[in-house]
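Let me begin by presenting the structure, written as C-alpha cells, before commenting on it.
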Amino acid sequence: MYSYEHIKFLKKRKKEKVIVGFFQVSIIIVLLIVWQLLADLNIINTFIFSSPKKVLDTIINLYKNNNLFENIWVTVYETVLSFSIATALGTIIATILWWNKRVQKIIEPYLTILNSLPKVALGPIIIIWFGAGIKSIIFMALLISLIITIINVYEGFNSINENKIRLMKSLGANKWQLFSKLIFPNSLSSIVSALKINVSMSLIGS
C-alpha cells in the first residue's frame, strides 16, 4: 500500500503531465489555426508556405491515388538507412578521434567547417553529383547527420571524469580496457542524446 504522501505525489505528477500535454496540444492547434488564417487572408504566399488545408487535401489525394503509404515507406526507408549509417560511421570516427589525439587535432578544424556549412543549400549540387534519386537523398541525410553525430559522441567520450581515467590507468588498464570498460559505457547517455538529434536530422535530410 502506498502512503498518503506518496499517493499525493503521484496525483500531483499525473496532474502535471495532463497540464503539460494539454498545453503542448493547444500550441499545435493554435499554430495551425493561425497558419490557416494567414493563408486565407493572403498575408503569406501559399505557394511557398502552403496551408493546413492544402496539406490535408494533398494527403487525401495521395491516399485516393494509393500513393500515400508508398511515399511514407520510401521516406521512412531513406531516413532509417541514413540514420543507421550515420550512427555507425559517426561512432566509429568519434572513437578513432578519441583513440588518436594527433588524428583528432588534424581532423577537428575540418569538422568545424563542415558543421557550419549550410548543408540543405547544397541540395541542388548534390542532385547534380548523384542524380535525382535515392543516392542523393541518402547522401544529403548523411551530410546533415554524420558531422553532428561525430561531434556529440566525441564530446561524450571527453566528458568522462578525469579522476576515473587516472584510477584505471594507475591499475594498469590499457587503452582498449579504458575505452571498453569506462569511456564507452559511461558515454551511452551522450550517444543516446546524439541519436535523438540524429533521427530528426536524418528526416530533414531525407
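To be explicit about the labels: the chains of the C-alpha cells are called A, B, and onward in the order shown, and within each one the residues are counted from 1, while ligands get numbers from 1 in the order they are shown.
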
**Prompt:** Which neighbours of stretch 63-78 of chain A fall inside 8 Å, counting only C-alpha atoms, when residues of the same chain fewer than 2 positions from it are skipped, and could you give them as a PyMOL selection string?
**Reply:** chain A and resi 59-61+80-82+134+137-138+203+206

Store the residues picked out above, limited to N, CA and C atoms, as a PDB file, in the first residue's frame.
```
ATOM      1  N   ILE A  59      -2.749  15.059 -48.732  1.00  0.00           N
ATOM      2  CA  ILE A  59      -2.727  13.742 -48.085  1.00  0.00           C
ATOM      3  C   ILE A  59      -3.910  12.892 -48.546  1.00  0.00           C
ATOM      4  N   ILE A  60      -5.095  13.522 -48.618  1.00  0.00           N
ATOM      5  CA  ILE A  60      -6.294  12.798 -49.067  1.00  0.00           C
ATOM      6  C   ILE A  60      -6.153  12.337 -50.512  1.00  0.00           C
ATOM      7  N   ASN A  61      -5.622  13.211 -51.367  1.00  0.00           N
ATOM      8  CA  ASN A  61      -5.439  12.851 -52.786  1.00  0.00           C
ATOM      9  C   ASN A  61      -4.421  11.727 -52.943  1.00  0.00           C
ATOM     10  N   VAL A  80      15.692   5.774 -42.088  1.00  0.00           N
ATOM     11  CA  VAL A  80      16.282   4.705 -41.268  1.00  0.00           C
ATOM     12  C   VAL A  80      17.651   4.306 -41.796  1.00  0.00           C
ATOM     13  N   LEU A  81      17.786   4.203 -43.122  1.00  0.00           N
ATOM     14  CA  LEU A  81      19.063   3.813 -43.718  1.00  0.00           C
ATOM     15  C   LEU A  81      20.144   4.854 -43.436  1.00  0.00           C
ATOM     16  N   SER A  82      19.827   6.121 -43.681  1.00  0.00           N
ATOM     17  CA  SER A  82      20.813   7.180 -43.435  1.00  0.00           C
ATOM     18  C   SER A  82      21.110   7.320 -41.951  1.00  0.00           C
ATOM     19  N   ILE A 134      17.567   8.117 -54.991  1.00  0.00           N
ATOM     20  CA  ILE A 134      17.772   7.755 -53.590  1.00  0.00           C
ATOM     21  C   ILE A 134      19.205   8.024 -53.126  1.00  0.00           C
ATOM     22  N   ILE A 137      19.498  11.595 -51.954  1.00  0.00           N
ATOM     23  CA  ILE A 137      18.726  11.802 -50.721  1.00  0.00           C
ATOM     24  C   ILE A 137      19.485  11.261 -49.519  1.00  0.00           C
ATOM     25  N   ILE A 138      20.018  10.045 -49.656  1.00  0.00           N
ATOM     26  CA  ILE A 138      20.762   9.433 -48.548  1.00  0.00           C
ATOM     27  C   ILE A 138      22.046  10.215 -48.265  1.00  0.00           C
ATOM     28  N   LEU A 203      15.776  12.769 -40.946  1.00  0.00           N
ATOM     29  CA  LEU A 203      14.474  13.026 -41.556  1.00  0.00           C
ATOM     30  C   LEU A 203      14.491  14.322 -42.363  1.00  0.00           C
ATOM     31  N   SER A 206      16.363  13.622 -45.527  1.00  0.00           N
ATOM     32  CA  SER A 206      15.558  12.834 -46.474  1.00  0.00           C
ATOM     33  C   SER A 206      14.480  13.662 -47.118  1.00  0.00           C
TER      34      SER A 206
END
```

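For the choices A:Pro52, A:Pro185, A:Gly21, A:Pro118, the atom-to-atom distance to A:Leu143 is smallest for A:Pro118 when using only C-alpha atoms.
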
**Item:** Test item: residues at most 10 Å from A:Leu32, only C-alpha atoms, excluding those fewer than 5 positions along its chain, as a ChimeraX atom specification
**Value:** /A:26-27,37-38,51-53

**Request:** Would you mind listing what lies within 10 Å of A:Gln36 as a ChimeraX atom specification, with only C-alpha atoms counted and same-chain residues fewer than 2 positions away left out?
**Result:** /A:30-34,38-42,44,46,50-54

Got time to write the residues from that selection, N, CA, C and O atoms, as a PDB file, in the first residue's frame?
```pdb
ATOM      1  N   VAL A  30      -3.293  25.991 -32.048  1.00  0.00           N
ATOM      2  CA  VAL A  30      -3.261  27.453 -32.263  1.00  0.00           C
ATOM      3  C   VAL A  30      -2.377  27.797 -33.457  1.00  0.00           C
ATOM      4  O   VAL A  30      -2.744  28.627 -34.300  1.00  0.00           O
ATOM      5  N   LEU A  31      -1.221  27.158 -33.558  1.00  0.00           N
ATOM      6  CA  LEU A  31      -0.315  27.423 -34.682  1.00  0.00           C
ATOM      7  C   LEU A  31      -0.974  27.050 -36.019  1.00  0.00           C
ATOM      8  O   LEU A  31      -0.840  27.788 -37.003  1.00  0.00           O
ATOM      9  N   LEU A  32      -1.677  25.928 -36.051  1.00  0.00           N
ATOM     10  CA  LEU A  32      -2.361  25.514 -37.278  1.00  0.00           C
ATOM     11  C   LEU A  32      -3.466  26.503 -37.653  1.00  0.00           C
ATOM     12  O   LEU A  32      -3.634  26.837 -38.841  1.00  0.00           O
ATOM     13  N   ILE A  33      -4.214  26.975 -36.662  1.00  0.00           N
ATOM     14  CA  ILE A  33      -5.290  27.950 -36.922  1.00  0.00           C
ATOM     15  C   ILE A  33      -4.710  29.254 -37.450  1.00  0.00           C
ATOM     16  O   ILE A  33      -5.204  29.832 -38.432  1.00  0.00           O
ATOM     17  N   VAL A  34      -3.650  29.738 -36.792  1.00  0.00           N
ATOM     18  CA  VAL A  34      -3.006  30.981 -37.238  1.00  0.00           C
ATOM     19  C   VAL A  34      -2.443  30.827 -38.637  1.00  0.00           C
ATOM     20  O   VAL A  34      -2.590  31.724 -39.489  1.00  0.00           O
ATOM     21  N   LEU A  38      -3.630  33.083 -41.813  1.00  0.00           N
ATOM     22  CA  LEU A  38      -2.674  33.868 -42.599  1.00  0.00           C
ATOM     23  C   LEU A  38      -2.755  33.520 -44.080  1.00  0.00           C
ATOM     24  O   LEU A  38      -2.630  34.399 -44.947  1.00  0.00           O
ATOM     25  N   ALA A  39      -3.013  32.247 -44.374  1.00  0.00           N
ATOM     26  CA  ALA A  39      -3.152  31.818 -45.766  1.00  0.00           C
ATOM     27  C   ALA A  39      -4.454  32.333 -46.370  1.00  0.00           C
ATOM     28  O   ALA A  39      -4.481  32.830 -47.504  1.00  0.00           O
ATOM     29  N   ASP A  40      -5.553  32.250 -45.615  1.00  0.00           N
ATOM     30  CA  ASP A  40      -6.859  32.704 -46.112  1.00  0.00           C
ATOM     31  C   ASP A  40      -6.895  34.211 -46.348  1.00  0.00           C
ATOM     32  O   ASP A  40      -7.575  34.695 -47.267  1.00  0.00           O
ATOM     33  N   LEU A  41      -6.167  34.940 -45.514  1.00  0.00           N
ATOM     34  CA  LEU A  41      -6.138  36.407 -45.632  1.00  0.00           C
ATOM     35  C   LEU A  41      -5.053  36.889 -46.594  1.00  0.00           C
ATOM     36  O   LEU A  41      -4.817  38.093 -46.712  1.00  0.00           O
ATOM     37  N   ASN A  42      -4.378  35.939 -47.255  1.00  0.00           N
ATOM     38  CA  ASN A  42      -3.309  36.256 -48.226  1.00  0.00           C
ATOM     39  C   ASN A  42      -2.160  37.049 -47.613  1.00  0.00           C
ATOM     40  O   ASN A  42      -1.491  37.833 -48.296  1.00  0.00           O
ATOM     41  N   ILE A  44       0.389  35.461 -46.168  1.00  0.00           N
ATOM     42  CA  ILE A  44       1.537  34.656 -46.589  1.00  0.00           C
ATOM     43  C   ILE A  44       1.264  34.069 -47.966  1.00  0.00           C
ATOM     44  O   ILE A  44       0.108  33.901 -48.374  1.00  0.00           O
ATOM     45  N   THR A  46       0.858  31.199 -50.226  1.00  0.00           N
ATOM     46  CA  THR A  46       0.577  29.770 -50.053  1.00  0.00           C
ATOM     47  C   THR A  46       1.382  28.897 -51.011  1.00  0.00           C
ATOM     48  O   THR A  46       1.539  27.702 -50.775  1.00  0.00           O
ATOM     49  N   SER A  50       2.387  27.132 -48.218  1.00  0.00           N
ATOM     50  CA  SER A  50       1.247  26.221 -48.231  1.00  0.00           C
ATOM     51  C   SER A  50       0.248  26.608 -47.132  1.00  0.00           C
ATOM     52  O   SER A  50       0.238  27.749 -46.663  1.00  0.00           O
ATOM     53  N   SER A  51      -0.597  25.671 -46.711  1.00  0.00           N
ATOM     54  CA  SER A  51      -1.555  25.899 -45.634  1.00  0.00           C
ATOM     55  C   SER A  51      -2.020  24.543 -45.113  1.00  0.00           C
ATOM     56  O   SER A  51      -1.910  23.535 -45.818  1.00  0.00           O
ATOM     57  N   PRO A  52      -2.536  24.484 -43.881  1.00  0.00           N
ATOM     58  CA  PRO A  52      -3.008  23.199 -43.350  1.00  0.00           C
ATOM     59  C   PRO A  52      -4.048  22.532 -44.236  1.00  0.00           C
ATOM     60  O   PRO A  52      -4.044  21.308 -44.408  1.00  0.00           O
ATOM     61  N   LYS A  53      -4.944  23.337 -44.825  1.00  0.00           N
ATOM     62  CA  LYS A  53      -5.986  22.773 -45.680  1.00  0.00           C
ATOM     63  C   LYS A  53      -5.377  22.139 -46.929  1.00  0.00           C
ATOM     64  O   LYS A  53      -5.776  21.043 -47.351  1.00  0.00           O
ATOM     65  N   LYS A  54      -4.399  22.817 -47.527  1.00  0.00           N
ATOM     66  CA  LYS A  54      -3.756  22.263 -48.718  1.00  0.00           C
ATOM     67  C   LYS A  54      -2.969  20.999 -48.394  1.00  0.00           C
ATOM     68  O   LYS A  54      -2.952  20.050 -49.183  1.00  0.00           O
TER      69      LYS A  54
END
```

Counting only C-alpha atoms, which residues in stretch 150-176 of chain A sit no more than 8 Å from stretch 89-105 of chain A? For each one, give the nearest pair of atoms and the distance in Å, sorted by chain then residue number, as a tab-separated table.
```
residue	atom	partner	partner_atom	distance
A:Ile150	CA	A:Gly90	CA	4.6
A:Ile151	CA	A:Ala94	CA	7.2
A:Val153	CA	A:Ala94	CA	6.2
A:Tyr154	CA	A:Ala94	CA	4.9
A:Phe157	CA	A:Trp98	CA	7.1
A:Asn158	CA	A:Trp98	CA	7.8
A:Lys175	CA	A:Trp99	CA	7.9
```

Applying 12 Å and only C-alpha atoms, which residues near A:Lys181 remain after dropping the ones on its own chain fewer than 5 positions away? List them as a compact mmCIF listing (two decimals) with all heavy atoms, in the first residue's frame.
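Dumped everything to out09.txt:
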```txt
# COMPACT_ATOMS: atom_id res chain seq x y z
N ILE A 160 34.02 12.21 -19.66
CA ILE A 160 34.22 11.28 -18.56
C ILE A 160 35.12 11.90 -17.49
O ILE A 160 36.10 12.59 -17.82
CB ILE A 160 34.84 9.95 -19.06
CG1 ILE A 160 33.98 9.37 -20.19
CG2 ILE A 160 34.96 8.95 -17.93
CD1 ILE A 160 32.55 9.12 -19.84
N LYS A 164 38.51 9.16 -12.76
CA LYS A 164 38.23 7.76 -13.05
C LYS A 164 39.24 7.20 -14.06
O LYS A 164 39.68 6.06 -13.95
CB LYS A 164 36.81 7.60 -13.58
CG LYS A 164 35.72 7.91 -12.57
CD LYS A 164 34.34 7.71 -13.17
CE LYS A 164 33.25 8.01 -12.14
NZ LYS A 164 31.90 7.84 -12.72
N ILE A 165 39.58 8.04 -15.04
CA ILE A 165 40.56 7.63 -16.05
C ILE A 165 41.92 7.40 -15.39
O ILE A 165 42.59 6.40 -15.67
CB ILE A 165 40.66 8.69 -17.16
CG1 ILE A 165 39.32 8.80 -17.91
CG2 ILE A 165 41.79 8.35 -18.14
CD1 ILE A 165 39.26 9.91 -18.94
N MET A 168 41.95 4.09 -13.39
CA MET A 168 42.10 2.88 -14.22
C MET A 168 43.52 2.75 -14.76
O MET A 168 44.08 1.66 -14.82
CB MET A 168 41.08 2.90 -15.36
CG MET A 168 39.66 2.58 -14.91
SD MET A 168 38.57 2.12 -16.29
CE MET A 168 39.27 0.55 -16.79
N LYS A 169 44.10 3.89 -15.14
CA LYS A 169 45.49 3.84 -15.63
C LYS A 169 46.45 3.41 -14.52
O LYS A 169 47.40 2.67 -14.77
CB LYS A 169 45.89 5.23 -16.17
CG LYS A 169 45.27 5.56 -17.52
CD LYS A 169 45.75 6.93 -18.00
CE LYS A 169 45.20 7.25 -19.39
NZ LYS A 169 45.65 8.59 -19.87
N ALA A 173 45.35 -0.45 -16.57
CA ALA A 173 44.44 -0.65 -17.70
C ALA A 173 45.07 -0.11 -18.99
O ALA A 173 45.64 0.98 -18.99
CB ALA A 173 43.12 0.06 -17.43
N ASN A 174 44.97 -0.90 -20.06
CA ASN A 174 45.44 -0.42 -21.36
C ASN A 174 44.35 0.42 -22.02
O ASN A 174 43.25 0.58 -21.48
CB ASN A 174 45.89 -1.58 -22.25
CG ASN A 174 44.78 -2.59 -22.49
OD1 ASN A 174 43.61 -2.22 -22.61
ND2 ASN A 174 45.14 -3.87 -22.54
N LYS A 175 44.63 0.92 -23.21
CA LYS A 175 43.71 1.85 -23.87
C LYS A 175 42.39 1.17 -24.22
O LYS A 175 41.31 1.77 -24.09
CB LYS A 175 44.36 2.43 -25.13
CG LYS A 175 43.76 3.78 -25.53
CD LYS A 175 44.74 4.59 -26.32
CE LYS A 175 44.26 6.03 -26.44
NZ LYS A 175 45.22 6.90 -27.13
N TRP A 176 42.44 -0.08 -24.68
CA TRP A 176 41.21 -0.80 -25.04
C TRP A 176 40.36 -1.04 -23.80
O TRP A 176 39.14 -0.86 -23.84
CB TRP A 176 41.54 -2.12 -25.72
CG TRP A 176 40.33 -3.01 -25.87
CD1 TRP A 176 40.10 -4.19 -25.25
CD2 TRP A 176 39.18 -2.75 -26.68
NE1 TRP A 176 38.88 -4.69 -25.61
CE2 TRP A 176 38.28 -3.82 -26.50
CE3 TRP A 176 38.81 -1.71 -27.54
CZ2 TRP A 176 37.06 -3.90 -27.14
CZ3 TRP A 176 37.58 -1.77 -28.17
CH2 TRP A 176 36.72 -2.86 -27.99
N ASN A 186 30.12 4.74 -20.07
CA ASN A 186 29.72 5.98 -19.41
C ASN A 186 29.31 7.07 -20.38
O ASN A 186 28.87 8.15 -19.95
CB ASN A 186 30.84 6.48 -18.51
CG ASN A 186 30.98 5.67 -17.23
OD1 ASN A 186 30.29 5.91 -16.25
ND2 ASN A 186 31.83 4.66 -17.26
N SER A 187 29.50 6.81 -21.68
CA SER A 187 29.10 7.79 -22.70
C SER A 187 27.77 7.43 -23.36
O SER A 187 27.34 8.13 -24.28
CB SER A 187 30.18 7.89 -23.79
OG SER A 187 31.42 8.27 -23.24
N LEU A 188 27.14 6.35 -22.90
CA LEU A 188 25.90 5.89 -23.54
C LEU A 188 24.80 6.94 -23.52
O LEU A 188 24.04 7.08 -24.47
CB LEU A 188 25.41 4.60 -22.88
CG LEU A 188 26.23 3.34 -23.19
CD1 LEU A 188 25.69 2.15 -22.43
CD2 LEU A 188 26.23 3.05 -24.69
```

**Message:** Between atom CA of A:Ile197 and atom CA of A:Asn152, what is the distance in Å, rounded to a tenth?
**Reply:** 9.5 Å

**Request:** Just the residues within 10 Å of A:Met140, please, counting only C-alpha atoms, with nothing from its chain fewer than 2 positions along; format it as a list in words.
**Result:** Ser82, Lys119, Val120, Leu122, Gly123, Ile126, Ile127, Ile134, Lys135, Ser136, Ile137, Ile138, Leu142, Leu143, Ile144, Ser145, Leu146, Met201, Ser202, Ile204, Gly205 and Ser206 of chain A
